There are 2 protein chains.
Amino acid sequence: MDIAIVGMGAIGTYYGVRLALAGNTVHFLAHTEYEAVKAGGLHVKSYLGNFDIDAPLVYNSIEAMPPCDMVCVCTKATTNDTIFGSLTPVVKPGGAILLMQNGFGAEERLARLYPDVRIFAGLCFITSYRVSPGHINHDAYGKISLASLVPDAQGLADLYALFTGAGLEAEVIGDVLPARFRKLVWNIPYNGLTVALDCTTLELASGTAALSSVRTLMTEVVEGAAACGVTIDPSFVDEMMGTTQNMGAYEPSMKIDYNHHRPLEVEAIYRKVIAYTADHGYRMAATSLLADELDIIQARYLSA
Amino acid sequence: MDIAIVGMGAIGTYYGVRLALAGNTVHFLAHTEYEAVKAGGLHVKSYLGNFDIDAPLVYNSIEAMPPCDMVCVCTKATTNDTIFGSLTPVVKPGGAILLMQNGFGAEERLARLYPDVRIFAGLCFITSYRVSPGHINHDAYGKISLASLVPDAQGLADLYALFTGAGLEAEVIGDVLPARFRKLVWNIPYNGLTVALDCTTLELASGTAALSSVRTLMTEVVEGAAACGVTIDPSFVDEMMGTTQNMGAYEPSMKIDYNHHRPLEVEAIYRKVIAYTADHGYRMAATSLLADELDIIQARYLSA
């Protein structure tokens with residue numbers, strides 16, 4: 001099976017390396033990191049052991065890549081305007097795109113751009129980060145939750161087999177909408193609050209005010225989902241808060257973007273779902289306030 | 001008329017000096033500033049001109065003060081636990097307490113403590129700040145909105161005459177509840193956001209995200225008020241946002257407290273009204289999130 005990895009951050013590198021080591025032919029797209037990866041290979045230092053590919057199949061342009069059965073889009077959602085339209089050379093007709101990024105509503109956009117391609121979402125629950133070109137650390141977790149934009153039990157079963165066959169933890173959720181909402185229960189509080197308060201998840205894991213701020217936002221996601229016909233059991237809020245308490249001083253992806261003064265995924269993680277739930281009659285007031293704070297914060301350094 | 005001023009920040013000093021210069025006998029309570037004020041007097045540098053009292057009636061303990069017809073409580077709400085119970089020596093039975101501080105729900109507390117005293121609220125729309133002991137600057141505005149805890153048209157008319165007779169702009173609102181809610185329309189967004197985002201009102205006066213954050217919070221106050229039976233016309237939101245745009249780079253009182261690492265009036269300005277509206281079936285989600293952020297922020301320096 002030919003697999004393309006577009007986006008070589010921690011997510012793309014980790015899952016790409018694991019899939020390649022399991023015997024799949026994985027093609028990696030690198031831009032600024034091309035020379036370093038070509039020369040030095042790909043190296044994952046994981047709590048599960050080390051995973052290395054000394055001579056990966058790496059390309060410095062999408063046009064140079066072969067058409068693949070599956071294209072994993074692992075880029076930041078902030079670059080979707082550039083990336084989404086550029087995938088034609090690497091997408092085999094009848095093939096699949098697996099969108100492995102944070103956010104909401106982007107699968108529909110891919111479906112409009114690639115009507116002959118099956119669109120899946122892969123939501124990664126993983127604590128990993130990029131150390132240097134070709135080198136990433138993987139500290140904990142790693143499960144990928146799989147969903148399809150239109151019902152596709154066989155496609156999801158195949159994806160599940162692909163990931164579990166590579167020794168990865170996977171689960172099939174089914175539809176994209178509930179999968180996205182469930183992921184947002186975690187992403188909306190922790191990504192935004194660690195930036196707004198310039199802290200790690202550790203500071204949000206105890207204390208009345210911190211726990212209240214997280215719960216307010218998580219509750220809003222659960223209620224927003226309900227307005228859109230997606231039921232999330234309220235116990236999921238407690239489960240996510242409990243999970244996070246075990247993560248220690250973790251910096252979510254948005255916090256790392258903030259640390260490096262990169263654009264934040266406010267549009268993907270916040271604005272899209274605020275608009276979608278508003279269309280369904282629910283107002284995410286606290287989420288909206290946090291999104292505004294994030295836009296104000298990033299405007300300071302992006303305009304500097 | 002004997003008037004006591006308890007709390008010699010910008011509010012207490014400004015209104016006290018103006019009332020004294022109009023011929024009232026005004027007794028000022030100072031603590032750490034006693035010696036400086038005794039020696040140097042009180043000086044207001046105002047956009048309306050300068051107001052000075054070289055030899056004010058100043059006291060260093062409440063026990064030393066005479067019983068007064070009216071006690072203006074101008075302290076920070078964060079000190080209410082200490083101040084509220086200490087007023088007996090200075091309050092004349094049948095007299096009045098005028099609470100001139102930010103917040104919500106404190107008049108009821110005073111009424112329980114002083115059942116024989118008429119309780120009023122004086123909400124000050126003023127941009128002023130303390131420069132040094134006895135010296136304050138007054139940059140703009142200055143209107144005081146007057147309300148009574150229980151209907152008291154004569155008492156309000158007397159207060160109105162007192163303030164306007166001293167050349168001050170005043171208005172009678174009537175009841176405390178609508179007066180407090182109206183003031184919170186401004187206080188809840190601007191006090192908290194200038195702290196959470198470490199900025200002045202200028203940064204909140206333009207830009208999509210900034211205006212949205214303010215509007216979200218103001219709307220929540222208006223809707224919270226409505227749930228409690230207080231009607232505030234939605235145009236008041238636009239009016240307050242417009243007023244603020246003319247204020248330039250203003251730092252609200254909470255921002256100044258933050259700058260000096262003092263306790264923030266989170267309980268008075270946020271928690272009380274969140275709890276009150278919740279009792280009336282309305283959840284102030286965005287306001288609650290902001291209050292949580294403020295508590296997290298102040299905990300960092302208060303516990304340091």
# chains A, B, ... in the order shown; residues from 1 in each chain; ligands from 1
$ residues_around --residues "stretch 201-208 of chain A" --least-positions-apart "3" --cutoff "10 Å" --atoms "only C-alpha atoms" --output "NGL selection string"
(:A and (189-191 or 193-194 or 197-198 or 211-214 or 241-252 or 255)) or (:B and (292 or 295-296 or 299))
$ residues_around --residues "B:Arg109" --least-positions-apart "4" --cutoff "10 Å" --atoms "only C-alpha atoms" --output "list in words"
Asn80, Phe84, Gly85, Gly105, Leu113, Tyr114 and Ile119 of chain B
$ atom_distance --atom1 "atom CA of A:Gln298" --atom2 "atom CA of A:Asn187"
17.6 Å
$ residues_around --residues "B:Tyr15" --least-positions-apart "2" --cutoff "9 Å" --atoms "only C-alpha atoms" --output "compact mmCIF listing (two decimals) with N, CA, C and O atoms, in the first residue's frame"
# COMPACT_ATOMS: atom_id res chain seq x y z
N ILE B 5 -15.59 60.13 54.84
CA ILE B 5 -15.04 59.45 53.66
C ILE B 5 -14.15 58.32 54.16
O ILE B 5 -13.12 58.56 54.80
N ALA B 10 -8.72 57.19 44.68
CA ALA B 10 -9.10 58.27 43.77
C ALA B 10 -10.56 58.68 43.97
O ALA B 10 -10.88 59.88 43.98
N ILE B 11 -11.43 57.71 44.17
CA ILE B 11 -12.86 58.01 44.30
C ILE B 11 -13.13 58.79 45.59
O ILE B 11 -13.73 59.87 45.56
N GLY B 12 -12.69 58.26 46.71
CA GLY B 12 -12.96 58.91 47.99
C GLY B 12 -12.36 60.30 48.05
O GLY B 12 -13.01 61.24 48.51
N THR B 13 -11.16 60.44 47.57
CA THR B 13 -10.49 61.74 47.62
C THR B 13 -11.21 62.74 46.72
O THR B 13 -11.50 63.87 47.13
N VAL B 17 -13.22 65.77 48.48
CA VAL B 17 -12.69 67.13 48.33
C VAL B 17 -13.74 68.05 47.72
O VAL B 17 -13.96 69.18 48.20
N ARG B 18 -14.44 67.55 46.70
CA ARG B 18 -15.45 68.40 46.06
C ARG B 18 -16.59 68.74 47.03
O ARG B 18 -17.07 69.88 47.07
N LEU B 19 -17.00 67.73 47.82
CA LEU B 19 -18.08 67.99 48.79
C LEU B 19 -17.62 68.95 49.88
O LEU B 19 -18.38 69.80 50.34
N ALA B 20 -16.37 68.82 50.28
CA ALA B 20 -15.84 69.71 51.31
C ALA B 20 -15.74 71.15 50.81
O ALA B 20 -16.12 72.11 51.51
N GLY B 142 -16.98 61.91 35.61
CA GLY B 142 -17.14 62.23 37.02
C GLY B 142 -18.57 62.09 37.52
O GLY B 142 -18.84 62.34 38.70
N PHE B 163 -24.78 66.40 45.75
CA PHE B 163 -23.71 66.29 44.75
C PHE B 163 -23.78 67.40 43.71
O PHE B 163 -22.77 68.02 43.37
N LEU B 168 -21.07 68.80 41.04
CA LEU B 168 -20.80 67.49 40.45
C LEU B 168 -21.98 67.04 39.61
O LEU B 168 -23.14 67.34 39.91
$ residues_around --residues "A:Ala285" --least-positions-apart "2" --cutoff "12 Å" --atoms "only C-alpha atoms" --output "VMD selection string"
(chain A and resid 216 to 217 219 to 221 223 to 224 270 to 271 273 to 275 277 to 278 282 to 283 287 to 292) or (chain B and resid 212 to 220 283 to 290)
$ select_by_dssp --residues "stretch 17-129 of chain A" --states "strand (DSSP E)" --output "PDB file with C-alpha atoms, in the first residue's frame"
ATOM      1  CA  THR A  25       5.446   2.065   1.325  1.00  0.00           C
ATOM      2  CA  VAL A  26       5.329   5.510   2.892  1.00  0.00           C
ATOM      3  CA  HIS A  27       6.237   8.632   0.930  1.00  0.00           C
ATOM      4  CA  PHE A  28       7.082  11.684   3.000  1.00  0.00           C
ATOM      5  CA  LEU A  29       6.706  15.220   1.718  1.00  0.00           C
ATOM      6  CA  LEU A  42      13.591   9.900  10.504  1.00  0.00           C
ATOM      7  CA  HIS A  43      13.883   9.160  14.201  1.00  0.00           C
ATOM      8  CA  VAL A  44      11.176   8.753  16.787  1.00  0.00           C
ATOM      9  CA  LYS A  45      12.222   8.601  20.404  1.00  0.00           C
ATOM     10  CA  SER A  46       9.143   7.066  21.970  1.00  0.00           C
ATOM     11  CA  GLY A  49      10.939   2.368  22.205  1.00  0.00           C
ATOM     12  CA  ASN A  50      12.780   3.985  19.333  1.00  0.00           C
ATOM     13  CA  PHE A  51      11.578   3.915  15.735  1.00  0.00           C
ATOM     14  CA  ASP A  52      14.041   4.850  13.040  1.00  0.00           C
ATOM     15  CA  ILE A  53      14.164   4.973   9.269  1.00  0.00           C
ATOM     16  CA  LEU A  57      11.256   7.948   0.798  1.00  0.00           C
ATOM     17  CA  VAL A  58      11.314  11.714   1.017  1.00  0.00           C
ATOM     18  CA  TYR A  59      10.288  14.289  -1.600  1.00  0.00           C
ATOM     19  CA  CYS A  68      -0.960   7.013  -3.414  1.00  0.00           C
ATOM     20  CA  ASP A  69      -3.758   4.848  -2.079  1.00  0.00           C
ATOM     21  CA  MET A  70      -3.965   7.010   0.983  1.00  0.00           C
ATOM     22  CA  VAL A  71      -2.823  10.556   1.658  1.00  0.00           C
ATOM     23  CA  CYS A  72      -2.421  11.483   5.308  1.00  0.00           C
ATOM     24  CA  VAL A  73      -2.760  15.254   5.648  1.00  0.00           C
ATOM     25  CA  VAL A  91      -4.160  11.328  -4.628  1.00  0.00           C
ATOM     26  CA  LYS A  92      -5.101   8.192  -6.569  1.00  0.00           C
ATOM     27  CA  PRO A  93      -8.685   8.339  -7.918  1.00  0.00           C
ATOM     28  CA  GLY A  94     -10.758   6.090  -5.694  1.00  0.00           C
ATOM     29  CA  GLY A  95      -8.124   6.481  -3.036  1.00  0.00           C
ATOM     30  CA  ALA A  96      -8.465   8.035   0.377  1.00  0.00           C
ATOM     31  CA  ILE A  97      -7.493  11.176   2.226  1.00  0.00           C
ATOM     32  CA  LEU A  98      -7.056  10.809   5.972  1.00  0.00           C
ATOM     33  CA  LEU A  99      -7.159  14.211   7.625  1.00  0.00           C
ATOM     34  CA  ARG A 118     -13.006   8.913   0.144  1.00  0.00           C
ATOM     35  CA  ILE A 119     -12.498  11.323   3.033  1.00  0.00           C
ATOM     36  CA  PHE A 120     -11.595  10.129   6.521  1.00  0.00           C
ATOM     37  CA  ALA A 121     -10.616  11.825   9.742  1.00  0.00           C
ATOM     38  CA  GLY A 122      -7.882  10.494  11.989  1.00  0.00           C
ATOM     39  CA  LEU A 123      -7.954  12.162  15.378  1.00  0.00           C
ATOM     40  CA  CYS A 124      -4.756  11.583  17.248  1.00  0.00           C
ATOM     41  CA  PHE A 125      -4.659  11.463  21.031  1.00  0.00           C
ATOM     42  CA  ILE A 126      -0.935  11.699  21.489  1.00  0.00           C
ATOM     43  CA  THR A 127       1.633  13.741  23.317  1.00  0.00           C
ATOM     44  CA  SER A 128       4.500  14.189  20.931  1.00  0.00           C
ATOM     45  CA  TYR A 129       6.579  17.049  19.622  1.00  0.00           C
TER      46      TYR A 129
END
$ select_by_dssp --residues "stretch 3-236 of chain A" --states "helix (DSSP H, G or I)" --output "VMD selection string"
chain A and resid 10 to 21 34 to 40 62 to 64 77 to 86 88 to 90 106 to 113 153 to 165 176 to 196 201 to 204 208 to 227 235 to 236
$ closest_residue --among "A:Ile297, A:Ala64, A:Leu177, A:Lys38" --to "A:Ala226" --atoms "only C-alpha atoms"
A:Leu177
$ closest_residue --among "B:Ile144, B:Val117, B:Leu162, B:Ala36" --to "B:Asp2" --atoms "only C-alpha atoms"
B:Leu162
$ atom_distance --atom1 "atom CA of B:Leu159" --atom2 "atom CA of B:Gly7"
19.3 Å
